[in-house]
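What's in query.cif: mmCIF, C-alpha atoms
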```cif
data_input
#
loop_
_atom_site.label_atom_id
_atom_site.label_comp_id
_atom_site.auth_asym_id
_atom_site.auth_seq_id
_atom_site.Cartn_x
_atom_site.Cartn_y
_atom_site.Cartn_z
CA MET A 250 29.01 -2.18 34.70
CA MET A 251 25.38 -1.35 33.93
CA ARG A 252 26.53 1.98 32.53
CA ARG A 253 28.85 0.24 30.08
CA VAL A 254 26.03 -1.92 28.76
CA LEU A 255 23.77 1.10 28.34
CA LEU A 256 26.39 2.76 26.16
CA PHE A 257 25.83 0.06 23.56
CA ILE A 258 22.14 0.84 23.14
CA PRO A 259 22.66 3.43 20.35
CA LEU A 260 24.82 0.96 18.46
CA VAL A 261 22.17 -1.74 18.74
CA VAL A 262 19.48 0.69 17.58
CA ILE A 263 21.55 1.78 14.59
CA VAL A 264 22.30 -1.80 13.57
CA ALA A 265 18.59 -2.67 13.87
CA MET A 266 17.65 0.31 11.69
CA PHE A 267 20.33 -0.62 9.18
CA LEU A 268 18.92 -4.13 8.83
CA LEU A 269 15.36 -2.82 8.61
CA PHE A 270 16.16 -0.28 5.90
CA GLN A 271 18.25 -2.77 3.99
CA GLN A 272 15.21 -5.01 3.78
CA MET A 273 13.15 -2.14 2.42
CA ILE A 274 15.53 -1.52 -0.48
CA GLY A 275 13.94 -2.75 -3.68
CA HIS A 276 10.59 -3.08 -2.01
CA ASP A 277 7.96 -1.03 -3.79
CA PRO A 278 5.85 0.67 -1.12
CA SER A 279 3.04 1.31 -3.60
CA ALA A 280 2.67 -2.41 -4.33
CA LEU A 281 -0.49 -3.74 -2.76
CA GLU A 282 -0.65 -7.15 -1.20
CA LEU A 283 -2.86 -9.67 -2.95
CA ALA A 284 -6.03 -9.96 -0.89
CA ARG A 285 -7.11 -13.13 -2.70
CA LYS A 286 -3.82 -14.99 -2.35
CA ASP A 287 -4.36 -18.76 -2.14
CA LYS A 288 -8.07 -18.33 -2.78
CA PRO A 289 -9.97 -19.64 -5.81
CA MET A 290 -10.55 -17.43 -8.83
CA PRO A 291 -13.70 -15.38 -8.27
CA GLU A 292 -16.66 -16.57 -10.31
CA PHE A 293 -17.15 -14.78 -13.57
CA ALA A 294 -18.78 -15.06 -16.97
CA LEU A 295 -17.09 -12.87 -19.53
CA PRO A 296 -17.22 -12.88 -23.33
CA ASP A 297 -14.27 -14.00 -25.39
CA LEU A 298 -12.69 -10.92 -26.94
CA HIS A 299 -12.64 -12.53 -30.37
CA ASP A 300 -16.10 -14.05 -30.18
CA THR A 301 -18.43 -12.13 -27.88
CA GLN A 302 -21.11 -14.80 -28.29
CA ARG A 303 -18.89 -17.23 -26.42
CA PHE A 304 -18.82 -16.84 -22.63
CA LEU A 305 -15.92 -18.02 -20.51
CA THR A 306 -15.96 -18.79 -16.79
CA GLN A 307 -13.50 -19.56 -14.00
CA ASN A 308 -13.67 -23.24 -15.00
CA ASP A 309 -11.96 -22.43 -18.30
CA LEU A 310 -8.83 -21.46 -16.36
CA LYS A 311 -8.40 -24.83 -14.67
CA GLY A 312 -6.35 -27.80 -15.82
CA LYS A 313 -2.86 -26.42 -16.15
CA PRO A 314 -0.92 -23.79 -14.17
CA MET A 315 -1.12 -20.53 -16.07
CA LEU A 316 -0.56 -16.82 -16.13
CA LEU A 317 -3.50 -14.45 -16.30
CA ASN A 318 -2.26 -11.20 -17.79
CA VAL A 319 -4.30 -8.02 -17.25
CA TRP A 320 -3.76 -5.63 -20.13
CA ALA A 321 -5.33 -2.79 -22.09
CA THR A 322 -4.50 -0.70 -25.10
CA TRP A 323 -4.45 2.45 -22.95
CA CYS A 324 -1.59 1.00 -20.91
CA PRO A 325 1.88 1.89 -22.22
CA SER A 326 3.69 -0.66 -20.02
CA CYS A 327 1.55 -3.39 -21.56
CA ARG A 328 3.11 -2.62 -24.91
CA VAL A 329 6.53 -2.88 -23.29
CA GLU A 330 5.92 -6.36 -21.93
CA HIS A 331 4.05 -7.63 -24.99
CA PRO A 332 7.09 -8.98 -26.90
CA TYR A 333 8.22 -10.86 -23.82
CA LEU A 334 4.78 -12.40 -23.37
CA LEU A 335 4.97 -13.58 -26.98
CA LYS A 336 8.31 -15.18 -26.25
CA LEU A 337 6.95 -16.93 -23.13
CA ALA A 338 4.02 -18.34 -25.06
CA ARG A 339 6.01 -19.39 -28.14
CA GLU A 340 9.33 -20.54 -26.76
CA ASN A 341 8.56 -21.56 -23.18
CA GLY A 342 5.11 -23.00 -23.89
CA VAL A 343 3.53 -21.02 -21.07
CA LYS A 344 -0.27 -21.03 -20.92
CA LEU A 345 -1.18 -17.37 -21.03
CA VAL A 346 -4.70 -16.02 -20.75
CA GLY A 347 -5.40 -12.35 -21.34
CA LEU A 348 -7.79 -10.20 -19.36
CA ASN A 349 -8.56 -7.20 -21.51
CA TYR A 350 -9.37 -4.66 -18.80
CA LYS A 351 -11.65 -1.63 -19.30
CA ASP A 352 -10.74 -1.36 -22.92
CA ASP A 353 -12.27 -0.68 -26.30
CA ARG A 354 -12.90 -3.95 -28.14
CA ASP A 355 -11.93 -2.73 -31.59
CA ALA A 356 -8.71 -1.19 -30.32
CA ALA A 357 -7.86 -4.38 -28.46
CA LEU A 358 -8.47 -6.55 -31.54
CA GLU A 359 -6.36 -4.24 -33.66
CA TRP A 360 -3.57 -4.40 -31.06
CA LEU A 361 -3.51 -8.21 -31.15
CA ASP A 362 -3.68 -8.17 -34.92
CA LYS A 363 -0.74 -5.82 -35.24
CA LEU A 364 1.47 -6.98 -32.36
CA ASP A 365 0.50 -10.66 -32.48
CA ASN A 366 -1.42 -12.67 -29.92
CA PRO A 367 0.37 -14.50 -27.10
CA TYR A 368 -2.85 -15.55 -25.35
CA ALA A 369 -4.66 -18.88 -25.49
CA PHE A 370 -7.80 -16.75 -25.23
CA VAL A 371 -8.66 -13.26 -24.03
CA LEU A 372 -11.42 -12.39 -21.56
CA PHE A 373 -13.16 -9.15 -22.48
CA ASP A 374 -13.86 -7.20 -19.28
CA ALA A 375 -15.09 -3.86 -20.57
CA GLU A 376 -16.46 -2.64 -17.23
CA GLY A 377 -13.63 -4.04 -15.13
CA LYS A 378 -15.98 -6.36 -13.22
CA LEU A 379 -13.56 -9.27 -12.93
CA GLY A 380 -10.79 -6.73 -12.45
CA LEU A 381 -12.59 -5.40 -9.38
CA ASP A 382 -13.20 -8.89 -8.02
CA LEU A 383 -9.52 -9.72 -8.44
CA GLY A 384 -8.39 -6.48 -6.85
CA VAL A 385 -6.76 -5.12 -10.00
CA TYR A 386 -5.57 -1.55 -9.39
CA GLY A 387 -3.52 -0.91 -12.50
CA ALA A 388 -2.28 -2.54 -15.63
CA PRO A 389 -0.30 -4.57 -16.41
CA GLU A 390 -0.80 -7.15 -13.69
CA THR A 391 0.02 -10.82 -14.03
CA TYR A 392 -1.57 -13.51 -11.84
CA VAL A 393 -0.20 -16.99 -11.30
CA ILE A 394 -3.12 -19.43 -11.20
CA ASP A 395 -2.55 -23.08 -10.44
CA ALA A 396 -4.16 -26.10 -12.09
CA ASN A 397 -7.06 -26.03 -9.63
CA GLY A 398 -7.84 -22.39 -10.34
CA ILE A 399 -6.29 -21.10 -7.10
CA ILE A 400 -4.61 -17.70 -7.26
CA ARG A 401 -1.04 -18.04 -6.07
CA TYR A 402 0.65 -14.77 -6.84
CA ARG A 403 0.27 -11.39 -8.47
CA HIS A 404 2.98 -9.43 -10.19
CA VAL A 405 2.27 -5.74 -10.68
CA GLY A 406 4.13 -4.12 -13.55
CA VAL A 407 6.01 -5.31 -16.58
CA VAL A 408 6.91 -8.99 -16.92
CA ASN A 409 10.46 -9.36 -18.16
CA GLU A 410 13.25 -11.91 -18.12
CA LYS A 411 14.15 -11.18 -14.48
CA VAL A 412 10.57 -11.39 -13.18
CA TRP A 413 9.97 -14.58 -15.14
CA LYS A 414 13.17 -16.33 -14.04
CA GLU A 415 13.10 -15.25 -10.42
CA ILE A 416 9.41 -15.29 -9.55
CA LEU A 417 6.94 -16.57 -12.09
CA GLU A 418 8.73 -19.63 -13.47
CA PRO A 419 9.47 -21.17 -10.04
CA LEU A 420 5.85 -20.56 -9.01
CA LEU A 421 4.48 -22.25 -12.13
CA GLN A 422 6.67 -25.27 -11.47
CA THR A 423 6.00 -25.77 -7.75
CA PRO A 424 4.16 -29.01 -6.99
CA GLY A 425 1.40 -26.99 -5.34
CA ALA A 426 0.82 -25.19 -8.60
CA SER A 427 0.74 -28.24 -10.86
CA SER A 428 -1.13 -30.73 -8.68
CA MET B 141 -0.03 53.45 -22.93
CA LYS B 142 1.21 50.45 -20.99
CA ARG B 143 -0.08 49.96 -17.49
CA LYS B 144 1.65 47.97 -14.80
CA PRO B 145 -0.63 45.28 -13.38
CA SER B 146 -1.64 46.24 -9.88
CA VAL B 147 -1.20 43.94 -6.90
CA VAL B 148 -4.96 43.59 -6.64
CA SER B 149 -5.32 42.42 -10.22
CA ILE B 150 -2.52 39.88 -9.78
CA LEU B 151 -4.16 38.56 -6.62
CA THR B 152 -7.50 38.35 -8.35
CA PHE B 153 -5.93 36.43 -11.19
CA PHE B 154 -4.44 33.83 -8.87
CA THR B 155 -7.62 33.55 -6.82
CA VAL B 156 -9.59 32.80 -9.96
CA LEU B 157 -6.95 30.34 -11.09
CA LEU B 158 -7.00 28.52 -7.76
CA THR B 159 -10.78 28.38 -7.74
CA LEU B 160 -10.82 26.85 -11.21
CA TRP B 161 -8.13 24.37 -10.27
CA ALA B 162 -9.93 23.32 -7.11
CA GLY B 163 -13.10 22.87 -9.12
CA THR B 164 -11.46 20.50 -11.57
CA SER B 165 -9.55 18.46 -9.03
CA ALA B 166 -12.50 17.46 -6.90
CA ALA B 167 -14.06 14.22 -8.03
CA ILE B 168 -17.45 14.80 -9.54
CA ASP B 169 -19.98 12.21 -10.33
CA VAL B 170 -23.70 12.46 -10.12
CA TYR B 171 -25.41 9.78 -8.14
CA GLN B 172 -29.05 9.57 -7.20
CA PHE B 173 -30.04 8.33 -3.77
CA PRO B 174 -33.46 7.21 -2.62
CA ASP B 175 -33.14 9.08 0.67
CA GLU B 176 -30.90 11.38 2.67
CA GLU B 177 -29.66 8.58 4.91
CA SER B 178 -28.15 6.55 2.08
CA ARG B 179 -26.54 9.68 0.69
CA GLU B 180 -24.83 10.23 4.02
CA ARG B 181 -23.79 6.60 4.23
CA TYR B 182 -22.30 6.85 0.74
CA GLN B 183 -20.37 9.96 1.74
CA ASP B 184 -19.08 8.41 4.96
CA LEU B 185 -18.01 5.22 3.23
CA THR B 186 -16.21 6.90 0.34
CA TRP B 187 -14.52 9.10 2.92
CA GLU B 188 -13.30 6.12 4.92
CA LEU B 189 -12.09 3.96 2.03
CA ARG B 190 -8.66 4.49 0.66
CA CYS B 191 -7.92 4.57 -3.06
CA PRO B 192 -5.75 1.53 -3.91
CA LYS B 193 -3.87 3.31 -6.67
CA CYS B 194 -3.12 6.64 -5.08
CA GLN B 195 -1.76 5.78 -1.65
CA ASN B 196 -2.96 8.73 0.30
CA GLN B 197 -6.34 9.76 -0.91
CA ASN B 198 -9.72 8.39 -0.05
CA ILE B 199 -11.93 7.27 -2.89
CA ALA B 200 -14.22 10.27 -2.46
CA ASP B 201 -11.29 12.55 -3.20
CA SER B 202 -9.57 10.79 -6.06
CA ASN B 203 -10.13 10.97 -9.77
CA ALA B 204 -8.24 7.77 -10.49
CA PRO B 205 -10.34 5.37 -12.58
CA ILE B 206 -10.11 2.75 -9.87
CA ALA B 207 -11.55 5.22 -7.33
CA GLN B 208 -14.41 5.93 -9.73
CA ASP B 209 -15.09 2.20 -9.98
CA LEU B 210 -15.07 1.79 -6.22
CA ARG B 211 -17.41 4.76 -5.78
CA ARG B 212 -19.76 3.18 -8.29
CA GLU B 213 -19.68 -0.07 -6.33
CA VAL B 214 -20.28 1.70 -3.02
CA HIS B 215 -23.20 3.56 -4.56
CA ARG B 216 -24.65 0.34 -6.00
CA MET B 217 -24.36 -1.47 -2.69
CA VAL B 218 -25.77 1.40 -0.65
CA VAL B 219 -28.78 1.67 -2.95
CA GLU B 220 -29.25 -2.12 -2.87
CA GLY B 221 -29.45 -1.88 0.90
CA HIS B 222 -26.24 -3.58 1.98
CA SER B 223 -24.97 -2.73 5.45
CA ASP B 224 -21.81 -0.70 5.99
CA LYS B 225 -20.04 -3.79 7.23
CA GLU B 226 -20.95 -5.75 4.11
CA ILE B 227 -19.63 -2.97 1.88
CA VAL B 228 -16.37 -2.68 3.82
CA ASP B 229 -15.94 -6.47 3.81
CA PHE B 230 -16.53 -6.46 0.06
CA MET B 231 -13.69 -3.98 -0.41
CA VAL B 232 -11.32 -5.73 1.99
CA GLU B 233 -11.97 -9.07 0.29
CA ARG B 234 -10.70 -7.54 -2.95
CA TYR B 235 -8.10 -5.00 -1.95
CA GLY B 236 -7.03 -6.09 1.53
CA ASP B 237 -6.69 -4.07 4.74
CA PHE B 238 -5.00 -1.38 2.67
CA VAL B 239 -8.36 0.14 1.68
CA LEU B 240 -9.27 0.90 5.27
CA TYR B 241 -8.13 4.20 6.68
CA ARG B 242 -9.06 2.88 10.10
CA PRO B 243 -7.43 -0.54 10.25
CA ARG B 244 -9.26 -3.29 12.07
CA MET B 245 -7.99 -5.10 15.13
CA SER B 246 -6.34 -8.25 13.91
CA GLY B 247 -3.13 -10.16 14.44
CA ARG B 248 -1.43 -8.26 11.65
CA THR B 249 -2.59 -4.79 12.60
CA MET B 250 -2.10 -5.33 16.33
CA ILE B 251 1.21 -3.47 16.29
CA LEU B 252 -0.56 -0.36 14.96
CA TRP B 253 -3.00 -0.38 17.85
CA VAL B 254 -0.78 -1.56 20.68
CA GLY B 255 2.59 -0.23 19.49
CA PRO B 256 2.17 3.42 20.58
CA ALA B 257 0.91 2.46 24.04
CA VAL B 258 3.82 0.06 24.51
CA LEU B 259 6.28 2.76 23.46
CA VAL B 260 4.76 5.28 25.90
CA ILE B 261 4.97 2.77 28.75
CA LEU B 262 8.56 1.91 27.84
CA GLY B 263 9.38 5.62 27.79
CA ILE B 264 7.87 6.14 31.24
CA ILE B 265 9.83 3.18 32.61
CA VAL B 266 13.09 4.53 31.18
CA VAL B 267 12.44 7.99 32.65
CA LEU B 268 11.66 6.49 36.06
CA ILE B 269 14.80 4.35 36.06
CA LEU B 270 17.01 7.27 35.02
CA GLY B 271 15.39 9.53 37.62
CA ARG B 272 15.99 7.06 40.38
CA LYS B 273 19.60 6.51 39.35
CA ASN B 274 20.29 10.24 39.53
CA LYS B 275 18.87 10.44 43.01
CA VAL B 276 20.95 7.50 44.19
CA SER B 277 24.14 8.91 42.75
CA GLN B 278 23.48 12.27 44.43
CA GLU B 279 23.09 10.63 47.82
CA ASN B 280 26.04 8.38 47.36
CA ASP B 281 29.21 10.12 46.21
CA GLY B 282 31.28 6.97 46.54
CA LEU B 283 33.28 8.19 49.58
CA SER B 284 33.79 6.32 52.82
CA GLU B 285 33.20 7.90 56.23
CA ASP B 286 36.95 8.51 56.73
CA GLU B 287 37.34 10.08 53.34
CA ARG B 288 34.40 12.35 54.01
CA ASN B 289 35.88 13.54 57.27
CA ARG B 290 39.20 14.19 55.54
CA LEU B 291 37.43 16.13 52.79
CA ARG B 292 35.66 18.28 55.36
CA GLN B 293 38.95 18.96 57.08
CA LEU B 294 40.61 19.98 53.84
CA LEU B 295 37.80 22.28 52.92
CA ASP B 296 37.93 23.95 56.34
CA GLU B 297 41.66 24.47 56.03
CA ALA B 298 41.25 25.95 52.60
CA GLU B 299 38.66 28.36 53.96
CA HIS B 300 40.99 29.42 56.78
CA LEU B 301 43.78 29.98 54.32
CA SER B 302 41.66 32.08 52.03
CA ASP B 303 40.37 34.05 55.02
CA LYS B 304 43.97 34.86 55.94
CA THR B 305 45.09 35.83 52.47
CA ASP B 306 42.04 38.00 51.93
CA LYS B 307 42.88 40.09 54.94
CA PRO B 308 44.94 43.11 54.26
#
```
With the file now loaded, output its structure as C-alpha cells.
Amino acid sequence: MMRRVLLFIPLVVIVAMFLLFQQMIGHDPSALELARKDKPMPEFALPDLHDTQRFLTQNDLKGKPMLLNVWATWCPSCRVEHPYLLKLARENGVKLVGLNYKDDRDAALEWLDKLDNPYAFVLFDAEGKLGLDLGVYGAPETYVIDANGIIRYRHVGVVNEKVWKEILEPLLQTPGASS
Amino acid sequence: MKRKPSVVSILTFFTVLLTLWAGTSAAIDVYQFPDEESRERYQDLTWELRCPKCQNQNIADSNAPIAQDLRREVHRMVVEGHSDKEIVDFMVERYGDFVLYRPRMSGRTMILWVGPAVLVILGIIVVLILGRKNKVSQENDGLSEDERNRLRQLLDEAEHLSDKTDKP
C-alpha cells in the first residue's frame, strides 16, 4: 500500500513544478520590487524644469491621485510611451507629473517643445537625487502616488494601453488612492 | 614577400587585446579618502552591494550609471563618517533587499537561510527510511514456515537431480 502511494511522488512533484513555472511566465525577473511601497514620497526640493527659480517639494504632489513619470531624453523607450502619456493627460484627464532624470535641461525643454507636454509640471533632477531616493534604476518608470502623497505602485517600462487599463487605472481609482 | 603570421604573434595580439578589454571594462573612478580605513570600507561596501540594474554584478564592478551613482553615495557616506550599517540601510531603504549580496535574516529571506538545511535533513530522513525498508524486506521474504521448508526440500531435490545428471 505504502509503495503505491510513493509511486505518486514524481507526479506530485511534476504538477507542483508545472504550477510554479506557470506562475513565472510573464514575470520579469529583472523587475525590482518597490522598496518604498506604501511609504510617503521622500522629501525633496527640486527646480521646475521650465522655471529653475521655482522649487517644488513633495507637498506639491498631494491633493489628487497622480502618476509620476520618470523620463529623460537619453531614454528611447520614453519616446515610445510619450504619445500615450499625452493621450492619458488630454483624454483621460490624468494628473501626470514628470521627473526629468539625469538629463540635459536644454534637450529636455526641446523634447517637450517638439513632442508636446503631457505633464502638469516637470521636476528637474539633473543629478538623480530624487531618483536615488525613490529607487529609480532605469527609465521610464511610472509611480502611482495617492492623494496623500503615498507611493502605491511602480511600473518599470513603457506605459501603454494594456498597462494603463490593467494596472494603473484601477490603482488610481481605488478608494485608498483617492481618500 | 608575404609572411604567414606566426602562432606567437597571434597569441601576442590576443593577449594585448584582452588586456585592453579588461582595462576598459573595470569601473574606474577616482575617489579621495581621508585614511586607509575608509578606503577599505568603501571597497568592502561596493563589493557587497549589488547593482540594481545589472542583476549579477556588484556596484564596484559595474559601469552602469546607477552603479556609479551608488558608488558616489557610498563614498560620500563613508567620508561623512556613517557606519556600515547606516550605509547598507540607506541602500535597502531605496532598493530593497535586492541590493544585498548577503541577504539578512528576516521573514521573507528565511527560506534562503533555512531551506538548504531543511532539504538536507529531509534527504537524510528519506535515505534512512529507504535503508531500513531494504533491510526489512531482506529479512522477510514473505514466506511462511511451511513454505520455507517446502522450498528447502525442492532445492535439495534439484541438487540431487543435477548431481545425478552430471555424473557420467
Exercise. Give as a ChimeraX atom specification every residue of chain B that touches chain A within 8 Å, counting only C-alpha atoms.
Key: /B:192-193,195,206,232-236,238
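Across the structure, atom CA of A:Ala321 and atom CA of A:Leu298 are spaced 12.0 Å apart.
As for atom CA of B:Ser178 and atom CA of A:Asp374, they are spaced 29.1 Å apart.
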Quiz item: Hey, what's within 10 Å of B:Asp224 if we count all atoms listed in the file and toss same-chain stuff fewer than 2 positions away? As JSON, numbers by chain, please?
Solution: {"B": [181, 182, 184, 185, 214, 217, 218, 221, 222, 226, 227, 228, 229, 230]}
Practice problem: State, in Å with one decimal place, the distance from atom CA of A:Ile416 to atom CA of A:Leu269. | Solution: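 Calculated distance between atom CA of A:Ile416 and atom CA of A:Leu269 is 22.8 Å.
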Starting from the incomplete input, reconstruct N, CA and C atoms of stretch 340-352 of chain A and report them as a PDB file, in the coordinates of the input.
```
ATOM      1  N   GLU A 340       8.113 -19.763 -26.999  1.00  0.00           N
ATOM      2  CA  GLU A 340       9.330 -20.540 -26.760  1.00  0.00           C
ATOM      3  C   GLU A 340       9.273 -21.352 -25.483  1.00  0.00           C
ATOM      4  N   ASN A 341       8.589 -20.838 -24.450  1.00  0.00           N
ATOM      5  CA  ASN A 341       8.560 -21.560 -23.180  1.00  0.00           C
ATOM      6  C   ASN A 341       7.271 -22.368 -23.009  1.00  0.00           C
ATOM      7  N   GLY A 342       6.353 -22.246 -23.961  1.00  0.00           N
ATOM      8  CA  GLY A 342       5.110 -23.000 -23.890  1.00  0.00           C
ATOM      9  C   GLY A 342       4.258 -22.671 -22.681  1.00  0.00           C
ATOM     10  N   VAL A 343       4.316 -21.418 -22.230  1.00  0.00           N
ATOM     11  CA  VAL A 343       3.530 -21.020 -21.070  1.00  0.00           C
ATOM     12  C   VAL A 343       2.075 -20.801 -21.481  1.00  0.00           C
ATOM     13  N   LYS A 344       1.145 -21.302 -20.660  1.00  0.00           N
ATOM     14  CA  LYS A 344      -0.270 -21.030 -20.920  1.00  0.00           C
ATOM     15  C   LYS A 344      -0.583 -19.631 -20.426  1.00  0.00           C
ATOM     16  N   LEU A 345      -0.902 -18.760 -21.354  1.00  0.00           N
ATOM     17  CA  LEU A 345      -1.180 -17.370 -21.030  1.00  0.00           C
ATOM     18  C   LEU A 345      -2.624 -17.053 -21.389  1.00  0.00           C
ATOM     19  N   VAL A 346      -3.354 -16.480 -20.442  1.00  0.00           N
ATOM     20  CA  VAL A 346      -4.700 -16.020 -20.750  1.00  0.00           C
ATOM     21  C   VAL A 346      -4.730 -14.523 -20.531  1.00  0.00           C
ATOM     22  N   GLY A 347      -5.339 -13.805 -21.454  1.00  0.00           N
ATOM     23  CA  GLY A 347      -5.400 -12.350 -21.340  1.00  0.00           C
ATOM     24  C   GLY A 347      -6.686 -11.924 -20.653  1.00  0.00           C
ATOM     25  N   LEU A 348      -6.589 -10.839 -19.878  1.00  0.00           N
ATOM     26  CA  LEU A 348      -7.790 -10.200 -19.360  1.00  0.00           C
ATOM     27  C   LEU A 348      -7.753  -8.771 -19.879  1.00  0.00           C
ATOM     28  N   ASN A 349      -8.515  -8.534 -20.917  1.00  0.00           N
ATOM     29  CA  ASN A 349      -8.560  -7.200 -21.510  1.00  0.00           C
ATOM     30  C   ASN A 349      -9.440  -6.330 -20.610  1.00  0.00           C
ATOM     31  N   TYR A 350      -8.792  -5.346 -19.943  1.00  0.00           N
ATOM     32  CA  TYR A 350      -9.370  -4.660 -18.800  1.00  0.00           C
ATOM     33  C   TYR A 350      -9.812  -3.250 -19.174  1.00  0.00           C
ATOM     34  N   LYS A 351     -11.093  -2.972 -19.063  1.00  0.00           N
ATOM     35  CA  LYS A 351     -11.650  -1.630 -19.300  1.00  0.00           C
ATOM     36  C   LYS A 351     -11.106  -1.030 -20.597  1.00  0.00           C
ATOM     37  N   ASP A 352     -11.331  -1.758 -21.654  1.00  0.00           N
ATOM     38  CA  ASP A 352     -10.740  -1.360 -22.920  1.00  0.00           C
ATOM     39  C   ASP A 352     -11.819  -1.264 -23.991  1.00  0.00           C
TER      40      ASP A 352
END
```
